[in-house]
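Below you'll find the structure, written out as structure tokens, and then a few comments.
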Amino acid sequence: MGFILISLIILIGITSYFLGNLRAKNLRTSNKKNLKSLSHYYGYYVALWAVVPALLVLLMITSFKSFFIEQYVLSDFIALGSYTETELSLLFTQIENTAMGIKLFDENTILIDGAVNKLNYINKTIENLTYVTVLGFSGLLVLYSVFNINHKLNSRKIVEKFLLVLYFTCSLVAIMTTVGIIFSLLYETLRFFSQVPITDFLFGLNWSPQRVFVREAGDLDTRDLANAFGAVPLFAGTFLIALIAMCVSVPVGLLTAIYMSEYASPKVRDWAKPIIEILAGIPTVVYGFFAALTVAPLVRDIGQGAGLTVSSESALAAGFVMGIMIIPFISSLSDDVIKSVPQSLREGSYAMGATKRETIVKVLLPAALPGIVGSFLLAVSRAIGETMIVVMAAGLNAKLTANPLDAATTITTQIVVILIGDQEFDSPKTQSAFALGLTLFVVTLALNFIALQVVKKYTERYD
Amino acid sequence: MTDRIEQRINSLNKRLNSEKRFRIYCIGAMSFALAWVLILFLNIFSSGYSAFYRTVIQVDVPFLNLIEDTTQFSEMSSEDINNLSMYSFSKKAIYRLFPDIEEKKDKKMLIRLFSIEFEQEIREFLKSNKSNINETETIYLTASDDVDQVNKGNYPRDLDEDKRRIKDIQLLFFDDLVDRGLVSYEFNLPFLMRGDSREPELAGVGGSMVGSLFTILVVLILSFPIGIFAAIYLEEFAPKNRVTDFIEININNLAAVPSIVFGLLGLGIILNTFGLPRSTPLVGGIVLSLMTLPTIIIATRASLRAVPPSIREGALAVGATKMQAVMHHVVPVAMPGALTGTIIGLAQALGETAPLLLIGMVAFVVDVPQTPLDASASLPVQVYLWSESAERGYVEKTSATIMMLLGFLILMNLAAVLIRRKFETKW
């Protein structure tokens with residue numbers, strides 16, 4: 001229904017554009033008086049009146065519709081007074097299913113049959129009403145605005161004002177997203193911390209939310225809660241894997257950047273740079289698959305050959321592959337920074353008889369250090385927030401370990417493990433995922449902020 | 001005197017050697033990075049290409065046993081054919097491959113060489129060719145996953161029998177069929193058309209491809225206009241004040257937020273507060289649009305900034321309003337850059353998995369979705385789902401899915417590069 005209605009509204013909009021245009025042209029020829037704007041601005045003016053309010057009304061109706069329908073259909077049951085909220089919503093689902101011809105329950109009482117009829121009736125009525133209201137509203141406004149056109153009306157100003165407001169609203173989406181993120185994370189996190197003390201979460205050494213899940217949420221013991229949500233193993237695992245990733249990506253990325261900016265001929269550069277940047281464009285799920293199926297068995301075989309016990313999902317494999325993924329972040333950022341060191345510094349160093357290596361290590365790198373450190377910090381924040389590689393290749397069980405050959409789990413992995421599939425809301429287990437999410441959000445933001453500050457504060461200005 | 005010269009030469013040699021070494025380290029690092037691109041692609045391609053063809057076994061089906069006169073089929077409607085009881089008939093047709101096996105167990109093993117939908121396949125053949133069915137027709141039936149993998153050489157035949165999913169007797173049957181020339185390959189069209197399945201030989205990426213398509217469409221419809229309008233506002237109209245600064249800080253921060261946090265946002269706000277339907281491309285698209293918006297805004301702003309002020313001023317000088325100058329003259333010039341940014345953002349959204357896991361787009365969906373409001377998976381989620389499955393057949397399917405995903409990404413990036421090359425104006 002929505003699709004047809006929206007198409008109709010758009011159709012009305014297009015017609016009304018021509019209506020407004022025509023009306024303006026007529027006014028111009030019949031009155032010999034000039035209008036304040038070009039004719040087509042009157043067309044836009046009428047079209048805006050036709051489309052925008054109608055869409056807003058449609059949006060309002062669709063958002064309040066379901067609540068209204070539920071109240072109406074369940075009115076008989078509510079009148080009985082013997083049902084709780086959850087039972088009522090269950091009942092409503094059941095009625096909806098019956099209306100669609102799916103019978104899940106045998107107890108098809110007269111009351112439910114009646115409700116099904118009511119549901120069908122109200123759905124039909126509301127649909128018709130929506131059509132009439134929205135289209136009628138749109139039509140009325142078209143008439144109003146067409147007759148509103150006269151030589152005093154400056155439609156260009158109105159249309160431009162509207163566009164400006166529209167543009168401004170669009171730019172507010174960024175703020176609304178941030179607010180939405182903070183709100184959704186904070187809301188669930190606060191509810192979580194009302195059940196589990198924040199100190200237990202930040203400093204507890206045991207992470208086993210599954211244990212809480214098997215019990216009924218009603219008779220949870222506070223001692224259980226205290227022991228199940230210690231996030232330190234997750235922090236440690238995240239740190240370990242990020243560290244391994246950085247051990248791979250920092251030397252490779254930095255040396256690659258140095259080669260690209262100082263040694264490589266333009267031809268090599270033109271070829272190699274895009275190829276390395278492919279690494280940044282590959283979806284992370286591909287790296288995850290690669291880590292789990294190719295690198296992890298390889299690491300295990302090599303480890304066993306050396307007489308070590310390696311678990312099949314090792315932190316090393318996940319961290320190594322993550323390191324490869326991060327190489328282009330470090331190499332291209334550092335490359336830009338090194339290249340932006342003024343040529344005079346290089347030439348000064350060569351003039352003193354320094355070799356290329358000495359120039360790079362003793363002059364260029366110190367000069368470019370803030371930018372390079374900034375790129376490292378951004379890479380770390382990438383590594384911490386990375387999800388798919390660790391979900392697929394690192395372990396799922398939280399265990400406090402510093403051994404890279406052991407399985408380790410991360411913050412992101414646990415969020416996915418907890419929230420994948422069906423969740424039971426209002427359980428501390430689900431809420432703990434949001435607390436982890438908030439931690440992640442805060443840490444990555446802090447890293448980015450620090451990176452920015454480092455670059456801003458310590459970058460030397462040469463001009 | 002000579003001592004000092006020797007010392008100098010030694011130290012110079014040392015410095016030159018360390019210069020050489022350093023250069024080699026640098027080349028080594030770069031080759032390491034390049035090598036992994038190659039390894040990754042080779043690894044995926046070598047394990048994935050075989051999913052694009054499948055093993056079929058040729059079976060002669062004596063339709064005369066089903067009906068007295070095969071011309072009668074042409075008068076039957078599809079429904080009549082659906083109502084025909086064909087199970088034991090289809091089994092008997094398969095038994096005819098080896099007329100001399102008597103034991104029930106062996107017969108069962110023979111049947112297991114084929115996919116479980118053999119009856120359905122015969123029925124489909126009958127439906128599509130009902131007007132000219134001969135007494136006996138040759139039909140190519142899909143082999144089971146185990147046979148498929150053995151035939152492609154992906155499965156080790158020399159394991160102990162009890163460690164193998166395919167039994168010795170089945171291998172005997174299979175080898176005999178190969179000798180008789182009844183086993184062949186054909187292009188795996190069902191893989192591209194069908195939805196997910198619990199049987200690897202019947203599973204396809206069609207469903208998740210359509211799911212991805214819907215998701216990307218939603219992202220395009222939402223983030224393209226919003227992103228471009230926001231960029232126009234910030235670059236051309238925004239006054240220098242706190243609100244503008246705040247918006248800019250927000251956009252830059254959002255670009256750095258881990259994708260999984262957007263999944264939490266989708267779960268907490270879009271699903272639980274607004275109550276939009278779970279597992280659907282619509283919700284996935286909304287979440288991914290929020291994620292790609294910063295990319296699009298930043299790219300569009302950069303290309304708006306690159307438009308020389310003379311264009312703006314020229315328009316203003318001949319009496320255009322600010323809005324007219326921007327919309328008629330600046331934005332069209334900046335459009336190639338905005339499009340490039342949008343395509344790159346869409347490519348990012350296409351490859352994104354983590355937020356989709358949280359909003360339930362990991363459902364096992366057999367049907368190909370028809371609208372953005374049907375539950376579905378997307379290509380990267382399909383990769384994740386299949387990589388968790390134990391059956392061997394899913395490995396090549398996963399790699400093949402990745403190949404398609406990478407193919408789409410390469411196409412999109414190529415389009416972005418071409419647009420930039422073709423339409424970008426140099427000033």
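Order determines the names: the first chain of the structure tokens is A, the second B, and so forth; residues in each chain are numbered 1 upward, and ligands are numbered 1 upward as they are shown.
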Report as JSON lines the residues of chain B within 6 Å of chain A, each with its shortest atom pair and distance in Å (one decimal), using only C-alpha atoms, ordered by chain and increasing residue number.
{"residue": "B:Glu19", "atom": "CA", "partner": "A:Arg357", "partner_atom": "CA", "distance": 5.3}
{"residue": "B:Cys26", "atom": "CA", "partner": "A:Leu255", "partner_atom": "CA", "distance": 4.9}
{"residue": "B:Ala29", "atom": "CA", "partner": "A:Val252", "partner_atom": "CA", "distance": 4.8}
{"residue": "B:Met30", "atom": "CA", "partner": "A:Thr256", "partner_atom": "CA", "distance": 4.8}
{"residue": "B:Ile226", "atom": "CA", "partner": "A:Cys170", "partner_atom": "CA", "distance": 5.2}
{"residue": "B:Phe229", "atom": "CA", "partner": "A:Tyr167", "partner_atom": "CA", "distance": 4.9}
{"residue": "B:Ala230", "atom": "CA", "partner": "A:Ser171", "partner_atom": "CA", "distance": 4.1}
{"residue": "B:Tyr233", "atom": "CA", "partner": "A:Tyr167", "partner_atom": "CA", "distance": 5.4}
{"residue": "B:Ile251", "atom": "CA", "partner": "A:Ala174", "partner_atom": "CA", "distance": 5.7}
{"residue": "B:Pro258", "atom": "CA", "partner": "A:Gly385", "partner_atom": "CA", "distance": 4.9}
{"residue": "B:Leu265", "atom": "CA", "partner": "A:Ile181", "partner_atom": "CA", "distance": 5.2}
{"residue": "B:Gly268", "atom": "CA", "partner": "A:Ser184", "partner_atom": "CA", "distance": 5.4}
{"residue": "B:Gly351", "atom": "CA", "partner": "A:Pro283", "partner_atom": "CA", "distance": 4.8}
{"residue": "B:Leu358", "atom": "CA", "partner": "A:Ile420", "partner_atom": "CA", "distance": 5.6}
How would the residues just picked look written out with N, CA and C atoms as a compact mmCIF listing (two decimals), in the first residue's frame?
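Output file result_34.txt follows:
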# COMPACT_ATOMS: atom_id res chain seq x y z
N GLU B 19 73.17 1.05 4.50
CA GLU B 19 72.25 1.66 3.53
C GLU B 19 71.62 0.58 2.65
N CYS B 26 63.29 -2.43 3.27
CA CYS B 26 62.12 -1.71 2.74
C CYS B 26 61.48 -2.50 1.60
N ALA B 29 59.64 -5.42 2.99
CA ALA B 29 58.35 -5.09 3.60
C ALA B 29 57.29 -4.91 2.54
N MET B 30 57.69 -4.19 1.46
CA MET B 30 56.69 -3.94 0.45
C MET B 30 56.31 -5.23 -0.26
N ILE B 226 20.82 12.51 1.31
CA ILE B 226 21.13 13.12 2.61
C ILE B 226 22.58 13.55 2.65
N PHE B 229 23.15 16.64 0.34
CA PHE B 229 22.54 17.85 0.90
C PHE B 229 23.34 18.35 2.10
N ALA B 230 23.72 17.40 2.96
CA ALA B 230 24.48 17.81 4.15
C ALA B 230 25.79 18.45 3.74
N TYR B 233 25.20 21.92 2.43
CA TYR B 233 24.95 22.87 3.51
C TYR B 233 26.25 23.25 4.21
N ILE B 251 30.67 14.43 12.37
CA ILE B 251 30.88 13.66 11.13
C ILE B 251 32.23 12.98 11.16
N PRO B 258 33.69 2.17 15.27
CA PRO B 258 33.69 0.80 14.76
C PRO B 258 32.30 0.41 14.25
N LEU B 265 23.40 0.38 17.63
CA LEU B 265 22.44 1.46 17.42
C LEU B 265 21.20 0.93 16.72
N GLY B 268 19.25 -1.24 19.23
CA GLY B 268 18.64 -0.52 20.35
C GLY B 268 17.57 0.45 19.92
N GLY B 351 30.34 -4.61 1.66
CA GLY B 351 31.21 -5.60 2.29
C GLY B 351 31.03 -5.71 3.79
N LEU B 358 24.07 -8.13 14.10
CA LEU B 358 23.33 -7.73 15.30
C LEU B 358 21.87 -7.45 15.02
request  = Step one, run DSSP on the backbone; step two, keep only residues of range 153-217 of chain B assigned to alpha helix (DSSP H); then write them as a list of chain:residue names.
outcome  =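 Those residues are B:Asp168, B:Ile169, B:Gln170, B:Leu171, B:Leu172, B:Phe173, B:Phe174, B:Asp175, B:Asp176, B:Leu177, B:Val178, B:Asp179, B:Leu189, B:Pro190, B:Phe191, B:Leu192, B:Met193, B:Gly206, B:Gly207, B:Ser208, B:Met209, B:Val210, B:Gly211, B:Ser212, B:Leu213, B:Phe214, B:Thr215, B:Ile216, B:Leu217.
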Export N, CA and C atoms of the chosen residues as a PDB file, in the first residue's frame?
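Wrote selection11.pdb, looks like this:
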ATOM      1  N   ASP B 168      32.844 -46.998   0.928  1.00  0.00           N
ATOM      2  CA  ASP B 168      33.562 -47.725  -0.114  1.00  0.00           C
ATOM      3  C   ASP B 168      32.650 -48.137  -1.261  1.00  0.00           C
ATOM      4  N   ILE B 169      31.485 -48.661  -0.871  1.00  0.00           N
ATOM      5  CA  ILE B 169      30.602 -49.183  -1.917  1.00  0.00           C
ATOM      6  C   ILE B 169      30.122 -48.063  -2.821  1.00  0.00           C
ATOM      7  N   GLN B 170      29.936 -46.872  -2.191  1.00  0.00           N
ATOM      8  CA  GLN B 170      29.524 -45.727  -3.000  1.00  0.00           C
ATOM      9  C   GLN B 170      30.626 -45.334  -3.972  1.00  0.00           C
ATOM     10  N   LEU B 171      31.872 -45.441  -3.493  1.00  0.00           N
ATOM     11  CA  LEU B 171      32.989 -45.132  -4.385  1.00  0.00           C
ATOM     12  C   LEU B 171      33.035 -46.122  -5.547  1.00  0.00           C
ATOM     13  N   LEU B 172      32.735 -47.399  -5.246  1.00  0.00           N
ATOM     14  CA  LEU B 172      32.688 -48.403  -6.307  1.00  0.00           C
ATOM     15  C   LEU B 172      31.650 -48.024  -7.353  1.00  0.00           C
ATOM     16  N   PHE B 173      30.444 -47.707  -6.860  1.00  0.00           N
ATOM     17  CA  PHE B 173      29.377 -47.277  -7.773  1.00  0.00           C
ATOM     18  C   PHE B 173      29.847 -46.101  -8.610  1.00  0.00           C
ATOM     19  N   PHE B 174      30.425 -45.144  -7.887  1.00  0.00           N
ATOM     20  CA  PHE B 174      30.814 -43.887  -8.538  1.00  0.00           C
ATOM     21  C   PHE B 174      31.844 -44.147  -9.643  1.00  0.00           C
ATOM     22  N   ASP B 175      32.889 -44.962  -9.308  1.00  0.00           N
ATOM     23  CA  ASP B 175      33.924 -45.220 -10.293  1.00  0.00           C
ATOM     24  C   ASP B 175      33.345 -45.924 -11.516  1.00  0.00           C
ATOM     25  N   ASP B 176      32.393 -46.832 -11.254  1.00  0.00           N
ATOM     26  CA  ASP B 176      31.768 -47.548 -12.357  1.00  0.00           C
ATOM     27  C   ASP B 176      31.006 -46.561 -13.257  1.00  0.00           C
ATOM     28  N   LEU B 177      30.282 -45.647 -12.600  1.00  0.00           N
ATOM     29  CA  LEU B 177      29.529 -44.651 -13.368  1.00  0.00           C
ATOM     30  C   LEU B 177      30.481 -43.785 -14.193  1.00  0.00           C
ATOM     31  N   VAL B 178      31.641 -43.445 -13.605  1.00  0.00           N
ATOM     32  CA  VAL B 178      32.620 -42.642 -14.341  1.00  0.00           C
ATOM     33  C   VAL B 178      33.106 -43.424 -15.556  1.00  0.00           C
ATOM     34  N   ASP B 179      33.394 -44.733 -15.362  1.00  0.00           N
ATOM     35  CA  ASP B 179      33.867 -45.546 -16.473  1.00  0.00           C
ATOM     36  C   ASP B 179      32.829 -45.618 -17.580  1.00  0.00           C
ATOM     37  N   LEU B 189      24.193 -23.272 -12.492  1.00  0.00           N
ATOM     38  CA  LEU B 189      23.238 -22.176 -12.489  1.00  0.00           C
ATOM     39  C   LEU B 189      22.441 -22.105 -11.183  1.00  0.00           C
ATOM     40  N   PRO B 190      22.016 -23.258 -10.641  1.00  0.00           N
ATOM     41  CA  PRO B 190      21.255 -23.185  -9.382  1.00  0.00           C
ATOM     42  C   PRO B 190      22.000 -22.452  -8.269  1.00  0.00           C
ATOM     43  N   PHE B 191      23.335 -22.544  -8.279  1.00  0.00           N
ATOM     44  CA  PHE B 191      24.099 -21.850  -7.244  1.00  0.00           C
ATOM     45  C   PHE B 191      23.846 -20.345  -7.302  1.00  0.00           C
ATOM     46  N   LEU B 192      23.661 -19.818  -8.494  1.00  0.00           N
ATOM     47  CA  LEU B 192      23.443 -18.383  -8.632  1.00  0.00           C
ATOM     48  C   LEU B 192      21.985 -17.993  -8.405  1.00  0.00           C
ATOM     49  N   MET B 193      21.085 -18.968  -8.496  1.00  0.00           N
ATOM     50  CA  MET B 193      19.669 -18.626  -8.465  1.00  0.00           C
ATOM     51  C   MET B 193      18.979 -18.932  -7.139  1.00  0.00           C
ATOM     52  N   GLY B 206      21.724 -16.964  -4.581  1.00  0.00           N
ATOM     53  CA  GLY B 206      20.706 -16.085  -5.166  1.00  0.00           C
ATOM     54  C   GLY B 206      20.015 -15.239  -4.109  1.00  0.00           C
ATOM     55  N   GLY B 207      19.596 -15.895  -3.025  1.00  0.00           N
ATOM     56  CA  GLY B 207      18.870 -15.183  -1.973  1.00  0.00           C
ATOM     57  C   GLY B 207      19.691 -14.070  -1.363  1.00  0.00           C
ATOM     58  N   SER B 208      20.949 -14.384  -1.033  1.00  0.00           N
ATOM     59  CA  SER B 208      21.743 -13.349  -0.372  1.00  0.00           C
ATOM     60  C   SER B 208      22.159 -12.263  -1.355  1.00  0.00           C
ATOM     61  N   MET B 209      22.246 -12.626  -2.639  1.00  0.00           N
ATOM     62  CA  MET B 209      22.587 -11.602  -3.620  1.00  0.00           C
ATOM     63  C   MET B 209      21.451 -10.587  -3.715  1.00  0.00           C
ATOM     64  N   VAL B 210      20.220 -11.108  -3.774  1.00  0.00           N
ATOM     65  CA  VAL B 210      19.072 -10.204  -3.826  1.00  0.00           C
ATOM     66  C   VAL B 210      18.990  -9.396  -2.526  1.00  0.00           C
ATOM     67  N   GLY B 211      19.281 -10.050  -1.392  1.00  0.00           N
ATOM     68  CA  GLY B 211      19.287  -9.340  -0.114  1.00  0.00           C
ATOM     69  C   GLY B 211      20.287  -8.199  -0.124  1.00  0.00           C
ATOM     70  N   SER B 212      21.483  -8.469  -0.635  1.00  0.00           N
ATOM     71  CA  SER B 212      22.498  -7.422  -0.727  1.00  0.00           C
ATOM     72  C   SER B 212      22.041  -6.301  -1.642  1.00  0.00           C
ATOM     73  N   LEU B 213      21.419  -6.692  -2.747  1.00  0.00           N
ATOM     74  CA  LEU B 213      20.953  -5.693  -3.712  1.00  0.00           C
ATOM     75  C   LEU B 213      19.942  -4.752  -3.049  1.00  0.00           C
ATOM     76  N   PHE B 214      18.969  -5.337  -2.346  1.00  0.00           N
ATOM     77  CA  PHE B 214      17.971  -4.510  -1.663  1.00  0.00           C
ATOM     78  C   PHE B 214      18.634  -3.600  -0.639  1.00  0.00           C
ATOM     79  N   THR B 215      19.564  -4.182   0.139  1.00  0.00           N
ATOM     80  CA  THR B 215      20.238  -3.383   1.170  1.00  0.00           C
ATOM     81  C   THR B 215      20.945  -2.194   0.544  1.00  0.00           C
ATOM     82  N   ILE B 216      21.680  -2.465  -0.550  1.00  0.00           N
ATOM     83  CA  ILE B 216      22.440  -1.394  -1.193  1.00  0.00           C
ATOM     84  C   ILE B 216      21.508  -0.342  -1.777  1.00  0.00           C
ATOM     85  N   LEU B 217      20.363  -0.808  -2.298  1.00  0.00           N
ATOM     86  CA  LEU B 217      19.394   0.145  -2.839  1.00  0.00           C
ATOM     87  C   LEU B 217      18.900   1.071  -1.743  1.00  0.00           C
TER      88      LEU B 217
END
Which of A:Leu88, A:Ala451, A:Leu35, A:Leu135 sits closest to Leu8 in chain A [using only C-alpha atoms] = A:Leu135
Distance in Å - CA of Glu79 in chain B versus CA of Tyr95 in chain B = 27.1 Å
inquiry  = Show me, as a PyMOL selection string, the residues that have an atom within 10 Å of Glu396 in chain B when counting only C-alpha atoms, minus same-chain residues fewer than 4 positions from it.
reply    = chain B and resi 44-52+149+154+200+386-387+392+400-402
note = Counting only C-alpha atoms, the residue among A:Ile389, A:Ile372, A:Ala228, A:Val361 that lies closest to Met322 in chain A is A:Ile389
task = Skip Leu339 in chain B itself and residues of its chain fewer than 5 positions away, then list as a VMD selection string all residues within 10 Å of it, counting only C-alpha atoms.
result = chain B and resid 224 228 296 299 to 300 334 344 to 345 415 to 416 419 to 420
Store the residues picked out above, limited to N, CA and C atoms, as a compact mmCIF listing (two decimals), in the first residue's frame.
# COMPACT_ATOMS: atom_id res chain seq x y z
N PHE B 224 22.53 8.84 -0.37
CA PHE B 224 22.99 9.72 -1.46
C PHE B 224 22.40 11.12 -1.32
N ILE B 228 24.66 14.28 0.18
CA ILE B 228 24.99 15.41 -0.69
C ILE B 228 24.40 16.70 -0.15
N ILE B 296 30.44 9.70 2.38
CA ILE B 296 29.87 10.46 1.27
C ILE B 296 30.00 11.96 1.53
N ALA B 299 33.66 13.11 1.07
CA ALA B 299 34.08 13.13 -0.33
C ALA B 299 33.40 14.27 -1.08
N THR B 300 32.10 14.46 -0.84
CA THR B 300 31.38 15.51 -1.56
C THR B 300 31.90 16.89 -1.18
N ALA B 334 30.70 19.62 -9.22
CA ALA B 334 31.23 18.76 -8.16
C ALA B 334 30.64 17.37 -8.20
N ILE B 344 32.12 4.60 -3.56
CA ILE B 344 33.07 4.01 -2.62
C ILE B 344 32.36 3.70 -1.29
N GLY B 345 31.48 4.61 -0.87
CA GLY B 345 30.70 4.36 0.35
C GLY B 345 29.81 3.14 0.20
N ALA B 415 34.09 1.51 -11.55
CA ALA B 415 33.13 2.53 -11.97
C ALA B 415 33.50 3.88 -11.38
N ALA B 416 33.90 3.86 -10.09
CA ALA B 416 34.28 5.12 -9.44
C ALA B 416 35.47 5.75 -10.15
N ILE B 419 34.40 7.12 -13.60
CA ILE B 419 33.64 8.38 -13.49
C ILE B 419 34.58 9.54 -13.23
N ARG B 420 35.53 9.28 -12.31
CA ARG B 420 36.45 10.35 -11.98
C ARG B 420 37.29 10.74 -13.21
note = CA of Ala33 in chain B sits from CA of Val268 in chain A at a separation of 14.2 Å
task = Name the residues of range 94-319 of chain B that fall into strand (DSSP E or B) according to DSSP on the backbone, using the chain letters and numbers of this document, as JSON, numbers by chain.
result = {"B": [114, 136, 137, 138, 139, 140, 141, 142, 143, 183, 184, 185, 186, 187]}
Generate a file of the selected residues that holds C-alpha atoms, formatted as a PDB file, in the first residue's frame.
ATOM      1  CA  PHE B 114      22.217 -38.208  -5.571  1.00  0.00           C
ATOM      2  CA  THR B 136      12.629 -43.204 -21.858  1.00  0.00           C
ATOM      3  CA  GLU B 137      14.273 -39.859 -21.241  1.00  0.00           C
ATOM      4  CA  THR B 138      17.851 -39.107 -20.250  1.00  0.00           C
ATOM      5  CA  ILE B 139      17.942 -36.746 -17.293  1.00  0.00           C
ATOM      6  CA  TYR B 140      20.983 -35.212 -15.616  1.00  0.00           C
ATOM      7  CA  LEU B 141      20.425 -35.457 -11.879  1.00  0.00           C
ATOM      8  CA  THR B 142      22.413 -33.452  -9.350  1.00  0.00           C
ATOM      9  CA  ALA B 143      24.960 -35.566  -7.490  1.00  0.00           C
ATOM     10  CA  VAL B 183      29.209 -38.589 -14.744  1.00  0.00           C
ATOM     11  CA  SER B 184      29.728 -35.120 -16.115  1.00  0.00           C
ATOM     12  CA  TYR B 185      29.952 -31.473 -15.152  1.00  0.00           C
ATOM     13  CA  GLU B 186      27.600 -28.674 -15.950  1.00  0.00           C
ATOM     14  CA  PHE B 187      27.504 -24.970 -15.189  1.00  0.00           C
TER      15      PHE B 187
END
key: Ser90 in chain B surroundings by only C-alpha atoms, 9 Å radius, close-in-sequence under 3 positions cut, as a list in words   =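 Contacts, in chain order: Val61, Met86, Tyr87, Ala93, Ile94, Tyr95, Phe118, Glu119 and Ile122 of chain B.
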key: Counting only C-alpha atoms, the residue of B:Thr340, B:Asn188, B:Ser259, B:Ser223 that sits nearest Arg54 in chain B   =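 Looking only at the distances to Arg54 in chain B, the closest residue turns out to be B:Asn188.
Using only C-alpha atoms, the nearest neighbour of Asp335 in chain A within the list A:Ala47, A:Ala407, A:Ala318, A:Leu369 is A:Leu369.
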